[in-house]
file model_35.cif (mmCIF, C-alpha atoms and all ligand atoms)
data_upload
#
loop_
_atom_site.label_atom_id
_atom_site.label_comp_id
_atom_site.auth_asym_id
_atom_site.auth_seq_id
_atom_site.Cartn_x
_atom_site.Cartn_y
_atom_site.Cartn_z
CA MET Z 1 -94.43 -59.68 -83.49
CA SER Z 2 -91.27 -61.30 -84.79
CA ARG Z 3 -88.49 -59.63 -86.75
CA ILE Z 4 -85.96 -60.99 -89.21
CA LEU Z 5 -82.45 -59.67 -89.76
CA THR Z 6 -79.91 -61.08 -92.19
CA VAL Z 7 -76.24 -61.84 -91.70
CA ASP Z 8 -75.02 -60.95 -95.15
CA LEU Z 9 -72.31 -63.42 -96.16
CA GLY Z 10 -73.10 -63.97 -99.83
CA THR Z 11 -74.15 -67.56 -100.50
CA ARG Z 12 -73.73 -68.34 -96.78
CA SER Z 13 -76.11 -65.56 -95.68
CA TYR Z 14 -78.62 -66.53 -93.02
CA PRO Z 15 -81.58 -65.09 -91.13
CA ILE Z 16 -81.83 -64.17 -87.45
CA HIS Z 17 -85.44 -64.54 -86.31
CA ILE Z 18 -86.26 -62.64 -83.13
CA GLY Z 19 -89.58 -62.75 -81.30
CA PRO Z 20 -91.98 -64.60 -79.01
CA GLY Z 21 -93.38 -68.08 -79.72
CA LEU Z 22 -90.88 -68.98 -82.45
CA ILE Z 23 -90.24 -72.54 -81.19
CA ASP Z 24 -93.96 -73.17 -81.65
CA ARG Z 25 -93.76 -72.18 -85.32
CA PRO Z 26 -92.26 -75.37 -86.82
CA GLU Z 27 -92.04 -73.92 -90.32
CA ILE Z 28 -89.29 -71.51 -89.25
CA LEU Z 29 -87.08 -74.32 -87.95
CA THR Z 30 -87.90 -77.00 -90.50
CA ALA Z 31 -87.17 -74.66 -93.42
CA ARG Z 32 -83.51 -74.75 -92.35
CA ILE Z 33 -83.09 -78.52 -91.86
CA ALA Z 34 -80.80 -80.09 -94.46
CA GLY Z 35 -81.82 -83.78 -94.69
CA PRO Z 36 -83.94 -86.32 -92.79
CA GLN Z 37 -81.74 -86.59 -89.67
CA VAL Z 38 -81.58 -84.02 -86.87
CA MET Z 39 -79.55 -84.09 -83.65
CA VAL Z 40 -80.65 -81.68 -80.93
CA VAL Z 41 -77.83 -80.73 -78.58
CA THR Z 42 -78.86 -79.26 -75.24
CA ASN Z 43 -78.14 -79.49 -71.51
CA ASP Z 44 -79.87 -80.97 -68.49
CA THR Z 45 -81.34 -77.61 -67.43
CA LEU Z 46 -82.90 -76.80 -70.79
CA ALA Z 47 -84.01 -80.30 -71.77
CA PRO Z 48 -86.93 -80.40 -69.30
CA LEU Z 49 -87.95 -76.86 -70.28
CA TYR Z 50 -87.84 -76.84 -74.08
CA LEU Z 51 -86.65 -80.10 -75.64
CA GLU Z 52 -90.11 -81.61 -76.06
CA GLN Z 53 -91.36 -78.44 -77.75
CA VAL Z 54 -88.42 -78.49 -80.17
CA GLU Z 55 -88.79 -82.19 -80.92
CA ARG Z 56 -92.50 -81.64 -81.55
CA ALA Z 57 -91.60 -78.95 -84.09
CA LEU Z 58 -89.27 -81.48 -85.75
CA GLY Z 59 -92.02 -84.11 -85.86
CA ALA Z 60 -91.44 -85.23 -89.46
CA PHE Z 61 -87.69 -85.78 -89.04
CA GLN Z 62 -85.62 -88.58 -87.52
CA THR Z 63 -84.44 -86.92 -84.32
CA ALA Z 64 -81.89 -87.86 -81.69
CA ARG Z 65 -80.66 -85.86 -78.72
CA VAL Z 66 -77.51 -85.23 -76.74
CA VAL Z 67 -78.18 -83.84 -73.27
CA LEU Z 68 -74.94 -82.58 -71.74
CA PRO Z 69 -74.37 -81.54 -68.14
CA ASP Z 70 -74.97 -77.82 -67.66
CA GLY Z 71 -72.06 -75.45 -67.20
CA GLU Z 72 -69.07 -73.66 -68.63
CA LYS Z 73 -66.81 -76.28 -67.07
CA TYR Z 74 -68.31 -78.80 -69.51
CA LYS Z 75 -67.40 -76.72 -72.57
CA THR Z 76 -64.58 -79.18 -73.19
CA PRO Z 77 -63.12 -81.42 -75.88
CA ASP Z 78 -64.79 -84.33 -73.98
CA SER Z 79 -68.30 -82.90 -74.41
CA TRP Z 80 -67.54 -82.13 -78.05
CA GLY Z 81 -66.41 -85.78 -78.41
CA ARG Z 82 -69.68 -86.96 -76.87
CA ILE Z 83 -71.67 -85.18 -79.59
CA LEU Z 84 -69.51 -86.78 -82.28
CA ASP Z 85 -69.90 -90.21 -80.61
CA GLU Z 86 -73.68 -89.83 -80.77
CA LEU Z 87 -73.62 -88.72 -84.41
CA LEU Z 88 -71.47 -91.70 -85.34
CA GLY Z 89 -73.43 -94.06 -83.10
CA HIS Z 90 -76.68 -93.07 -84.83
CA ARG Z 91 -74.96 -93.34 -88.23
CA TYR Z 92 -75.87 -89.78 -89.08
CA ALA Z 93 -75.07 -88.86 -92.67
CA ARG Z 94 -73.50 -85.81 -94.21
CA ASP Z 95 -76.87 -84.17 -94.80
CA CYS Z 96 -77.82 -84.24 -91.11
CA THR Z 97 -78.48 -81.08 -89.08
CA LEU Z 98 -77.40 -80.16 -85.57
CA VAL Z 99 -79.76 -77.95 -83.59
CA ALA Z 100 -78.13 -76.12 -80.67
CA LEU Z 101 -80.77 -75.53 -77.99
CA GLY Z 102 -79.25 -73.51 -75.17
CA GLY Z 103 -76.97 -70.70 -74.17
CA GLY Z 104 -73.53 -69.87 -75.48
CA VAL Z 105 -71.94 -73.01 -74.06
CA ILE Z 106 -74.24 -75.32 -75.99
CA GLY Z 107 -74.10 -73.11 -79.09
CA ASP Z 108 -70.30 -73.09 -79.14
CA LEU Z 109 -70.06 -76.85 -78.49
CA ALA Z 110 -72.71 -77.92 -80.99
CA GLY Z 111 -71.34 -75.45 -83.52
CA PHE Z 112 -67.85 -76.90 -83.24
CA ALA Z 113 -69.22 -80.45 -83.56
CA ALA Z 114 -71.18 -79.38 -86.67
CA ALA Z 115 -68.01 -77.82 -88.11
CA CYS Z 116 -66.06 -81.05 -87.64
CA TYR Z 117 -68.51 -83.89 -88.25
CA GLN Z 118 -67.81 -85.21 -91.73
CA ARG Z 119 -65.97 -81.91 -92.34
CA GLY Z 120 -69.10 -79.85 -91.80
CA VAL Z 121 -72.84 -80.44 -91.47
CA ALA Z 122 -75.78 -78.07 -91.17
CA LEU Z 123 -76.27 -76.13 -87.95
CA VAL Z 124 -79.24 -74.19 -86.59
CA GLN Z 125 -78.88 -72.09 -83.46
CA LEU Z 126 -81.83 -71.89 -81.04
CA PRO Z 127 -80.32 -69.56 -78.41
CA THR Z 128 -82.12 -69.45 -75.07
CA SER Z 129 -79.99 -67.10 -72.94
CA LEU Z 130 -79.87 -63.35 -73.50
CA LEU Z 131 -76.13 -63.59 -74.10
CA ALA Z 132 -76.63 -66.22 -76.78
CA GLN Z 133 -79.49 -64.27 -78.40
CA VAL Z 134 -77.48 -61.05 -78.67
CA ASP Z 135 -74.04 -62.42 -79.36
CA SER Z 136 -72.80 -66.01 -79.33
CA SER Z 137 -75.36 -67.58 -81.69
CA VAL Z 138 -74.59 -65.01 -84.41
CA GLY Z 139 -71.38 -64.87 -86.40
CA GLY Z 140 -70.04 -68.41 -86.48
CA LYS Z 141 -67.48 -68.53 -83.68
CA THR Z 142 -67.55 -72.05 -82.26
CA GLY Z 143 -65.24 -73.92 -79.93
CA VAL Z 144 -64.29 -75.32 -76.57
CA ASN Z 145 -62.11 -74.29 -73.65
CA HIS Z 146 -58.73 -75.72 -72.68
CA ALA Z 147 -57.31 -75.75 -69.15
CA LEU Z 148 -54.70 -73.27 -70.39
CA GLY Z 149 -57.09 -70.85 -72.04
CA LYS Z 150 -60.65 -70.01 -72.88
CA ASN Z 151 -62.06 -70.81 -76.36
CA MET Z 152 -58.60 -71.87 -77.50
CA ILE Z 153 -59.80 -74.71 -79.72
CA GLY Z 154 -62.44 -73.97 -82.32
CA ALA Z 155 -63.50 -72.94 -85.79
CA PHE Z 156 -65.41 -70.26 -87.63
CA TYR Z 157 -68.55 -72.03 -88.79
CA GLN Z 158 -71.75 -70.20 -89.69
CA PRO Z 159 -75.21 -71.56 -88.87
CA ARG Z 160 -78.04 -71.81 -91.41
CA ALA Z 161 -80.30 -69.78 -89.16
CA VAL Z 162 -80.55 -68.27 -85.72
CA ILE Z 163 -83.98 -68.54 -84.10
CA ALA Z 164 -84.17 -66.45 -80.93
CA ASP Z 165 -87.48 -67.18 -79.19
CA THR Z 166 -87.73 -64.37 -76.65
CA ASP Z 167 -90.28 -66.35 -74.58
CA THR Z 168 -87.44 -68.60 -73.43
CA LEU Z 169 -85.95 -65.67 -71.52
CA ARG Z 170 -88.79 -65.95 -68.98
CA THR Z 171 -87.04 -68.91 -67.34
CA LEU Z 172 -83.55 -67.40 -67.45
CA PRO Z 173 -82.16 -66.69 -63.95
CA ASP Z 174 -81.61 -62.99 -63.08
CA ARG Z 175 -77.84 -63.40 -62.81
CA GLU Z 176 -77.74 -64.84 -66.35
CA LEU Z 177 -79.92 -62.00 -67.64
CA ALA Z 178 -77.45 -59.47 -66.23
CA ALA Z 179 -74.55 -61.37 -67.83
CA GLY Z 180 -76.29 -61.06 -71.21
CA ILE Z 181 -76.79 -57.33 -70.68
CA ALA Z 182 -72.98 -56.96 -70.48
CA GLU Z 183 -72.68 -57.97 -74.15
CA VAL Z 184 -75.57 -55.63 -75.04
CA ILE Z 185 -73.72 -52.70 -73.41
CA LYS Z 186 -70.64 -53.70 -75.41
CA TYR Z 187 -72.34 -52.81 -78.72
CA GLY Z 188 -73.15 -49.34 -77.43
CA LEU Z 189 -69.58 -48.86 -76.31
CA ILE Z 190 -67.81 -50.01 -79.44
CA ARG Z 191 -70.01 -48.57 -82.21
CA ASP Z 192 -73.48 -47.39 -81.22
CA PRO Z 193 -73.45 -44.39 -78.84
CA GLU Z 194 -77.20 -43.75 -79.28
CA PHE Z 195 -77.87 -47.28 -78.12
CA PHE Z 196 -75.65 -46.66 -75.07
CA THR Z 197 -77.79 -43.63 -74.19
CA TRP Z 198 -80.95 -45.69 -74.76
CA LEU Z 199 -79.57 -48.32 -72.38
CA GLU Z 200 -78.92 -45.69 -69.70
CA ALA Z 201 -82.58 -44.68 -69.94
CA ASN Z 202 -84.01 -48.20 -70.16
CA MET Z 203 -81.87 -50.40 -67.92
CA ASP Z 204 -84.65 -50.78 -65.33
CA LYS Z 205 -87.02 -52.04 -68.03
CA LEU Z 206 -84.48 -54.55 -69.28
CA ARG Z 207 -83.87 -55.90 -65.80
CA ALA Z 208 -87.64 -56.11 -65.27
CA ARG Z 209 -87.82 -58.12 -68.55
CA ASP Z 210 -90.14 -55.67 -70.26
CA THR Z 211 -90.90 -57.48 -73.53
CA ASP Z 212 -90.64 -54.46 -75.81
CA ALA Z 213 -87.39 -53.25 -74.25
CA LEU Z 214 -85.82 -56.71 -74.43
CA THR Z 215 -86.88 -57.26 -78.03
CA TYR Z 216 -85.54 -53.85 -79.02
CA ALA Z 217 -82.20 -54.52 -77.28
CA ILE Z 218 -81.85 -57.96 -78.88
CA GLU Z 219 -82.66 -56.66 -82.34
CA ARG Z 220 -80.32 -53.69 -82.09
CA SER Z 221 -77.53 -55.86 -80.70
CA CYS Z 222 -77.97 -58.44 -83.47
CA ARG Z 223 -78.05 -55.70 -86.10
CA ASN Z 224 -74.71 -54.39 -84.81
CA LYS Z 225 -73.23 -57.87 -84.67
CA ALA Z 226 -74.52 -58.83 -88.13
CA GLU Z 227 -72.96 -55.68 -89.64
CA VAL Z 228 -69.59 -56.37 -88.03
CA VAL Z 229 -69.58 -60.04 -89.04
CA ALA Z 230 -70.61 -59.23 -92.62
CA ALA Z 231 -67.72 -56.76 -92.86
CA ASP Z 232 -65.08 -58.98 -91.22
CA GLU Z 233 -66.18 -62.58 -90.82
CA LEU Z 234 -62.78 -64.00 -89.89
CA GLU Z 235 -61.68 -61.22 -87.54
CA THR Z 236 -58.87 -59.72 -89.54
CA GLY Z 237 -59.97 -56.22 -88.53
CA GLU Z 238 -63.14 -54.65 -87.14
CA ARG Z 239 -64.53 -57.85 -85.62
CA ALA Z 240 -61.83 -57.78 -82.95
CA LEU Z 241 -63.69 -54.79 -81.45
CA LEU Z 242 -66.37 -57.24 -80.32
CA ASN Z 243 -63.78 -58.41 -77.82
CA LEU Z 244 -63.95 -55.21 -75.76
CA GLY Z 245 -63.34 -56.26 -72.15
CA HIS Z 246 -62.69 -59.86 -73.17
CA THR Z 247 -58.90 -59.96 -72.65
CA PHE Z 248 -59.41 -58.96 -69.02
CA GLY Z 249 -62.62 -61.02 -68.84
CA HIS Z 250 -61.06 -64.24 -70.17
CA ALA Z 251 -58.20 -63.80 -67.69
CA ILE Z 252 -60.78 -63.63 -64.89
CA GLU Z 253 -62.72 -66.66 -66.15
CA THR Z 254 -59.59 -68.78 -66.53
CA GLY Z 255 -58.03 -67.46 -63.31
CA VAL Z 256 -60.97 -68.23 -61.01
CA GLY Z 257 -61.81 -71.54 -62.75
CA TYR Z 258 -64.43 -71.92 -65.48
CA GLY Z 259 -67.95 -71.31 -64.23
CA ALA Z 260 -67.15 -69.48 -60.99
CA TRP Z 261 -67.70 -66.17 -62.74
CA LEU Z 262 -70.18 -65.94 -65.62
CA HIS Z 263 -68.72 -64.90 -68.97
CA GLY Z 264 -70.84 -61.73 -69.05
CA GLU Z 265 -69.84 -60.80 -65.51
CA ALA Z 266 -66.17 -61.12 -66.40
CA VAL Z 267 -66.72 -59.08 -69.58
CA GLY Z 268 -68.53 -56.38 -67.56
CA VAL Z 269 -65.52 -55.96 -65.27
CA GLY Z 270 -63.23 -56.20 -68.29
CA MET Z 271 -65.06 -53.29 -69.96
CA CYS Z 272 -64.61 -51.19 -66.79
CA MET Z 273 -60.89 -52.03 -66.83
CA ALA Z 274 -60.60 -51.16 -70.54
CA ALA Z 275 -62.35 -47.83 -69.90
CA ASP Z 276 -60.09 -47.09 -66.92
CA LEU Z 277 -56.95 -47.82 -68.97
CA SER Z 278 -58.25 -45.71 -71.87
CA ALA Z 279 -58.65 -42.79 -69.47
CA ARG Z 280 -55.15 -43.29 -68.04
CA LEU Z 281 -53.86 -43.07 -71.62
CA ASP Z 282 -55.79 -39.78 -72.01
CA TRP Z 283 -57.97 -41.27 -74.75
CA LEU Z 284 -61.24 -41.22 -72.83
CA ASP Z 285 -62.57 -38.58 -70.44
CA THR Z 286 -63.22 -39.52 -66.83
CA ALA Z 287 -66.92 -38.55 -67.08
CA SER Z 288 -67.32 -41.28 -69.71
CA VAL Z 289 -65.55 -43.78 -67.46
CA ARG Z 290 -68.04 -42.93 -64.71
CA ARG Z 291 -71.00 -43.37 -67.10
CA ILE Z 292 -69.67 -46.75 -68.22
CA ARG Z 293 -69.14 -48.01 -64.67
CA SER Z 294 -72.58 -46.74 -63.61
CA LEU Z 295 -74.33 -48.47 -66.49
CA ILE Z 296 -72.54 -51.76 -65.84
CA ALA Z 297 -73.37 -51.53 -62.13
CA ALA Z 298 -77.00 -50.64 -62.99
CA ALA Z 299 -77.17 -53.86 -65.00
CA GLY Z 300 -76.45 -55.74 -61.75
CA LEU Z 301 -72.93 -56.65 -62.79
CA PRO Z 302 -69.70 -56.51 -60.76
CA VAL Z 303 -67.30 -53.67 -61.61
CA THR Z 304 -64.12 -54.86 -59.85
CA PRO Z 305 -62.11 -58.02 -60.50
CA PRO Z 306 -62.02 -60.94 -58.06
CA ALA Z 307 -59.59 -60.52 -55.15
CA GLU Z 308 -57.68 -63.72 -55.93
CA ILE Z 309 -56.25 -62.43 -59.23
CA GLY Z 310 -53.52 -59.88 -58.65
CA PRO Z 311 -51.74 -57.81 -61.30
CA VAL Z 312 -48.96 -60.36 -61.92
CA ARG Z 313 -51.42 -63.20 -62.46
CA PHE Z 314 -53.53 -60.95 -64.74
CA ARG Z 315 -50.46 -60.29 -66.86
CA GLU Z 316 -49.68 -64.03 -67.11
CA LEU Z 317 -53.22 -64.93 -68.08
CA MET Z 318 -53.57 -62.08 -70.56
CA ALA Z 319 -50.37 -63.08 -72.36
CA ARG Z 320 -52.30 -66.09 -73.72
CA ASP Z 321 -54.93 -63.92 -75.40
CA LYS Z 322 -55.75 -64.83 -79.01
CA LYS Z 323 -55.25 -61.22 -80.10
CA THR Z 324 -51.57 -61.34 -79.03
CA LEU Z 325 -49.35 -60.92 -82.13
CA ASP Z 326 -45.52 -61.10 -82.19
CA ASN Z 327 -45.65 -61.45 -78.41
CA ARG Z 328 -47.32 -58.04 -78.17
CA LEU Z 329 -50.53 -57.85 -76.22
CA ARG Z 330 -53.25 -56.12 -78.23
CA LEU Z 331 -56.20 -54.63 -76.38
CA VAL Z 332 -59.55 -53.19 -77.38
CA LEU Z 333 -59.64 -49.71 -75.88
CA LEU Z 334 -61.97 -46.73 -76.10
CA LYS Z 335 -61.57 -43.32 -77.69
CA ASN Z 336 -65.10 -42.40 -76.76
CA ILE Z 337 -68.43 -43.99 -75.92
CA GLY Z 338 -69.24 -45.53 -79.30
CA LYS Z 339 -65.68 -45.52 -80.64
CA ALA Z 340 -63.21 -48.34 -80.00
CA LEU Z 341 -59.88 -49.42 -81.42
CA VAL Z 342 -57.63 -52.48 -81.23
CA THR Z 343 -54.05 -51.58 -80.46
CA ALA Z 344 -50.74 -52.85 -79.15
CA ASP Z 345 -49.52 -49.29 -79.17
CA PHE Z 346 -50.06 -48.14 -75.61
CA ASP Z 347 -47.85 -47.30 -72.65
CA SER Z 348 -47.69 -50.57 -70.77
CA THR Z 349 -46.80 -48.90 -67.48
CA LYS Z 350 -50.36 -47.46 -67.61
CA LEU Z 351 -51.67 -51.01 -67.94
CA ASP Z 352 -49.70 -52.00 -64.82
CA GLU Z 353 -51.00 -48.93 -62.96
CA MET Z 354 -54.55 -49.79 -63.93
CA LEU Z 355 -54.14 -53.43 -62.84
CA VAL Z 356 -52.72 -52.39 -59.46
CA SER Z 357 -55.46 -49.85 -58.85
CA SER Z 358 -58.30 -52.14 -60.06
CA CYS Z 359 -57.30 -54.92 -57.75
CA PRO Z 360 -59.37 -54.98 -54.54
CA GLN Z 361 -57.30 -54.13 -51.43
CA GLY Z 362 -54.40 -53.31 -53.75
CA CYS Z 363 -53.36 -57.00 -53.92
P1 LIG Z 401 -74.52 -70.75 -70.71
O1 LIG Z 401 -74.67 -71.37 -71.99
O2 LIG Z 401 -73.76 -71.46 -69.64
O3 LIG Z 401 -75.98 -70.41 -70.17
C1 LIG Z 401 -76.09 -69.78 -68.95
C2 LIG Z 401 -76.93 -70.57 -67.94
O4 LIG Z 401 -78.29 -70.28 -68.19
C3 LIG Z 401 -76.78 -72.08 -68.04
O5 LIG Z 401 -76.95 -72.63 -66.76
C4 LIG Z 401 -77.96 -72.47 -68.92
O6 LIG Z 401 -78.38 -73.80 -68.72
C5 LIG Z 401 -79.01 -71.49 -68.44
N1 LIG Z 401 -80.02 -71.15 -69.41
C6 LIG Z 401 -79.84 -70.76 -70.70
N2 LIG Z 401 -81.02 -70.43 -71.21
C7 LIG Z 401 -81.94 -70.62 -70.26
C8 LIG Z 401 -83.33 -70.44 -70.22
N3 LIG Z 401 -84.03 -69.95 -71.24
N4 LIG Z 401 -83.98 -70.77 -69.08
C9 LIG Z 401 -83.28 -71.24 -68.00
N5 LIG Z 401 -81.97 -71.40 -67.98
C10 LIG Z 401 -81.31 -71.09 -69.11
O7 LIG Z 401 -73.85 -69.30 -70.82
P2 LIG Z 401 -74.14 -68.07 -71.78
O8 LIG Z 401 -73.98 -66.87 -70.94
O9 LIG Z 401 -75.37 -68.24 -72.55
O10 LIG Z 401 -72.92 -68.13 -72.80
C11 LIG Z 401 -71.59 -68.03 -72.34
C12 LIG Z 401 -70.71 -68.80 -73.28
O11 LIG Z 401 -70.81 -68.24 -74.58
C13 LIG Z 401 -69.25 -68.77 -72.92
O12 LIG Z 401 -68.70 -70.06 -73.08
C14 LIG Z 401 -68.65 -67.81 -73.92
O13 LIG Z 401 -67.29 -68.10 -74.19
C15 LIG Z 401 -69.52 -68.06 -75.10
N6 LIG Z 401 -69.57 -66.94 -76.05
C16 LIG Z 401 -69.40 -67.22 -77.36
C17 LIG Z 401 -69.49 -66.22 -78.29
C18 LIG Z 401 -69.38 -66.54 -79.75
O14 LIG Z 401 -69.30 -65.61 -80.54
N7 LIG Z 401 -69.40 -67.79 -80.12
C19 LIG Z 401 -69.75 -64.91 -77.89
C20 LIG Z 401 -69.93 -64.65 -76.53
C21 LIG Z 401 -69.84 -65.68 -75.62
N1 LIG Z 402 -68.12 -62.46 -79.44
C1 LIG Z 402 -67.07 -62.06 -80.30
C2 LIG Z 402 -67.27 -62.37 -81.74
O1 LIG Z 402 -68.23 -62.98 -82.12
O2 LIG Z 402 -66.45 -62.03 -82.54
#

call {"tool": "encode", "arguments": {"input": "model_35.cif", "output": "structure tokens"}}
result
Amino acid sequence: MSRILTVDLGTRSYPIHIGPGLIDRPEILTARIAGPQVMVVTNDTLAPLYLEQVERALGAFQTARVVLPDGEKYKTPDSWGRILDELLGHRYARDCTLVALGGGVIGDLAGFAAACYQRGVALVQLPTSLLAQVDSSVGGKTGVNHALGKNMIGAFYQPRAVIADTDTLRTLPDRELAAGIAEVIKYGLIRDPEFFTWLEANMDKLRARDTDALTYAIERSCRNKAEVVAADELETGERALLNLGHTFGHAIETGVGYGAWLHGEAVGVGMCMAADLSARLDWLDTASVRRIRSLIAAAGLPVTPPAEIGPVRFRELMARDKKTLDNRLRLVLLKNIGKALVTADFDSTKLDEMLVSSCPQGC
């Protein structure tokens, strides 16, 4: 059975559909198409799996496709330019619609192209990875990476709908499933302690892809995200909490080279580092730190950073974080499981201690 949540943004509100078989229900997708022209943006892994199904659902429309190479390393201004080239080449008009069929990379790229083409055209997100279904497709963050920093070029641009067909998760590799679970755990940590406890009890089911458990986790994650986005669309306050673990995680992703570590894997380690630092600041008890590390490990995620990034390099990479204000690094830290805060007001020697002790072999 499918469920519908709403991201409440006044006249720009939109539904999140969650459930099995949604791609095969054309009325859900076609209801959100703006004019006669649709461009489906996907990658060369997903095209053979789902593109035909999606194009069949769009039968009555003029459709074109952009199939990009798969991978975080292609989340670049060049790939974004390729989408715009295709839109221009096909003479797509202002009332066209972009459909993003894929994980967070495709969603962010297609979203940014939709934000820019003719100063903004309609966008529908068809997320196919767990990470995209619980996080990246919802809330309107779009963009591309730069060699000097992750997601540094982009725009806030909301879709007209998110359609999360849970059947697509059947073809998702295990490592990608685990990476998505990292963002699910994040919601428990920042604002939903009951969900954290539920995750401790149900992690085996999630990893075994139990349909009910997965649907419940996706719905609860999206509900949390929709509430945060509705309260703070442009990240002037509470939305920054969604970046728990991301300052450390982005440093890892940039430091090892895009794609070597999955985003969710880097965020998983980043959440362990944020918990460790919170404990060193006496804000979080050590039993909670142990619970957090255990849950992240139980999800099949790494809990220590890669050996090649030492404390000095971490510091350099973290200085480029988008939350940095007045040259002061701001971090999302924990007061408890289910209670987070964004702050620049912490003893930075504790950060250095944490970085030194987190680094494998004390590098
Ligand atoms: P991804 O898009 O690279 O997808 C992961 C891999 O799984 C890819 O190889 C993809 O082809 C494959 N895949 C996806 N769905 C599949 C399916 N159903 N069957 C088989 N293979 C499938 O990565 P991701 O983890 O989905 O997203 C990570 C990206 O999302 C990062 O670039 C990150 O910065 C971004 N992100 C954005 C937001 C946001 O709010 N916009 C939030 C979190 C993450
Ligand atoms: N993933 C962080 C956000 O959407 O704000």

call {"tool": "closest_atom_pairs", "arguments": {"input": "model_35.cif", "of": "chain Z", "to": "ligand LIG 402 (chain Z)", "cutoff": "7 Å", "atoms": "all atoms listed in the file", "output": "CSV"}}
result
residue,atom,partner,partner_atom,distance
Z:Asp135,CA,Z:LIG402,N1,5.9
Z:Ser136,CA,Z:LIG402,N1,5.9
Z:Gly139,CA,Z:LIG402,O1,5.6
Z:Lys141,CA,Z:LIG402,O1,5.8
Z:Glu235,CA,Z:LIG402,O2,7.0
Z:Arg239,CA,Z:LIG402,O2,5.5
Z:Ala240,CA,Z:LIG402,O2,6.3
Z:Leu242,CA,Z:LIG402,C1,4.9
Z:Asn243,CA,Z:LIG402,C1,5.5

call {"tool": "residues_near_ligand", "arguments": {"input": "model_35.cif", "ligand": "ligand LIG 401 (chain Z)", "cutoff": "6 Å", "atoms": "all atoms listed in the file", "output": "JSON, numbers by chain"}}
result
{"Z": [45, 46, 70, 71, 72, 102, 103, 104, 105, 106, 108, 128, 129, 131, 132, 135, 136, 141, 142, 168, 169, 171, 172, 176, 263]}

call {"tool": "atom_distance", "arguments": {"input": "model_35.cif", "atom1": "atom CA of Z:Leu214", "atom2": "atom CA of Z:Leu333"}}
result
27.1 Å

call {"tool": "residues_around", "arguments": {"input": "model_35.cif", "residues": "Z:Leu9", "least_positions_apart": "4", "cutoff": "8 Å", "atoms": "all atoms listed in the file", "output": "list in words"}}
result
Ser13, Tyr14 and Ala230 of chain Z

call {"tool": "write_last_selection", "arguments": {"input": "model_35.cif", "atoms": "C-alpha atoms", "output": "PDB file, in the frame of the given file"}}
result
ATOM      1  CA  SER Z  13     -76.110 -65.560 -95.680  1.00  0.00           C
ATOM      2  CA  TYR Z  14     -78.620 -66.530 -93.020  1.00  0.00           C
ATOM      3  CA  ALA Z 230     -70.610 -59.230 -92.620  1.00  0.00           C
TER       4      ALA Z 230
END

call {"tool": "atom_distance", "arguments": {"input": "model_35.cif", "atom1": "atom CA of Z:Thr6", "atom2": "atom CA of Z:Glu238"}}
result
18.7 Å

call {"tool": "residues_around", "arguments": {"input": "model_35.cif", "residues": "Z:Ile190", "least_positions_apart": "6", "cutoff": "9 Å", "atoms": "only C-alpha atoms", "output": "list in words"}}
result
Leu241, Leu242, Leu244, Leu333, Leu334, Asn336, Ile337, Gly338, Lys339, Ala340 and Leu341 of chain Z

call {"tool": "closest_residue", "arguments": {"input": "model_35.cif", "among": "Z:Gly188, Z:Pro20, Z:Gly120, Z:Gly300", "to": "Z:Met203", "atoms": "all atoms listed in the file"}}
result
Z:Gly300

call {"tool": "atom_distance", "arguments": {"input": "model_35.cif", "atom1": "atom CA of Z:Cys222", "atom2": "atom CA of Z:Leu177"}}
result
16.3 Å

call {"tool": "residues_around", "arguments": {"input": "model_35.cif", "residues": "stretch 51-56 of chain Z", "least_positions_apart": "4", "cutoff": "10 Å", "atoms": "all atoms listed in the file", "output": "list in words"}}
result
Ile23, Asp24, Arg25, Pro26, Leu29, Val38, Met39, Val40, Val41, Thr42, Asn43, Asp44, Leu46, Ala47, Ala60, Phe61, Gln62, Thr63, Ala64, Arg65, Val67, Val99, Leu101, Gly102 and Leu126 of chain Z

call {"tool": "write_last_selection", "arguments": {"input": "model_35.cif", "atoms": "C-alpha atoms", "output": "mmCIF file, in the frame of the given file"}}
result
data_model
loop_
_atom_site.group_PDB
_atom_site.id
_atom_site.type_symbol
_atom_site.label_atom_id
_atom_site.label_comp_id
_atom_site.auth_asym_id
_atom_site.auth_seq_id
_atom_site.Cartn_x
_atom_site.Cartn_y
_atom_site.Cartn_z
ATOM 1 C CA ILE Z 23 -90.240 -72.540 -81.190
ATOM 2 C CA ASP Z 24 -93.960 -73.170 -81.650
ATOM 3 C CA ARG Z 25 -93.760 -72.180 -85.320
ATOM 4 C CA PRO Z 26 -92.260 -75.370 -86.820
ATOM 5 C CA LEU Z 29 -87.080 -74.320 -87.950
ATOM 6 C CA VAL Z 38 -81.580 -84.020 -86.870
ATOM 7 C CA MET Z 39 -79.550 -84.090 -83.650
ATOM 8 C CA VAL Z 40 -80.650 -81.680 -80.930
ATOM 9 C CA VAL Z 41 -77.830 -80.730 -78.580
ATOM 10 C CA THR Z 42 -78.860 -79.260 -75.240
ATOM 11 C CA ASN Z 43 -78.140 -79.490 -71.510
ATOM 12 C CA ASP Z 44 -79.870 -80.970 -68.490
ATOM 13 C CA LEU Z 46 -82.900 -76.800 -70.790
ATOM 14 C CA ALA Z 47 -84.010 -80.300 -71.770
ATOM 15 C CA ALA Z 60 -91.440 -85.230 -89.460
ATOM 16 C CA PHE Z 61 -87.690 -85.780 -89.040
ATOM 17 C CA GLN Z 62 -85.620 -88.580 -87.520
ATOM 18 C CA THR Z 63 -84.440 -86.920 -84.320
ATOM 19 C CA ALA Z 64 -81.890 -87.860 -81.690
ATOM 20 C CA ARG Z 65 -80.660 -85.860 -78.720
ATOM 21 C CA VAL Z 67 -78.180 -83.840 -73.270
ATOM 22 C CA VAL Z 99 -79.760 -77.950 -83.590
ATOM 23 C CA LEU Z 101 -80.770 -75.530 -77.990
ATOM 24 C CA GLY Z 102 -79.250 -73.510 -75.170
ATOM 25 C CA LEU Z 126 -81.830 -71.890 -81.040
#
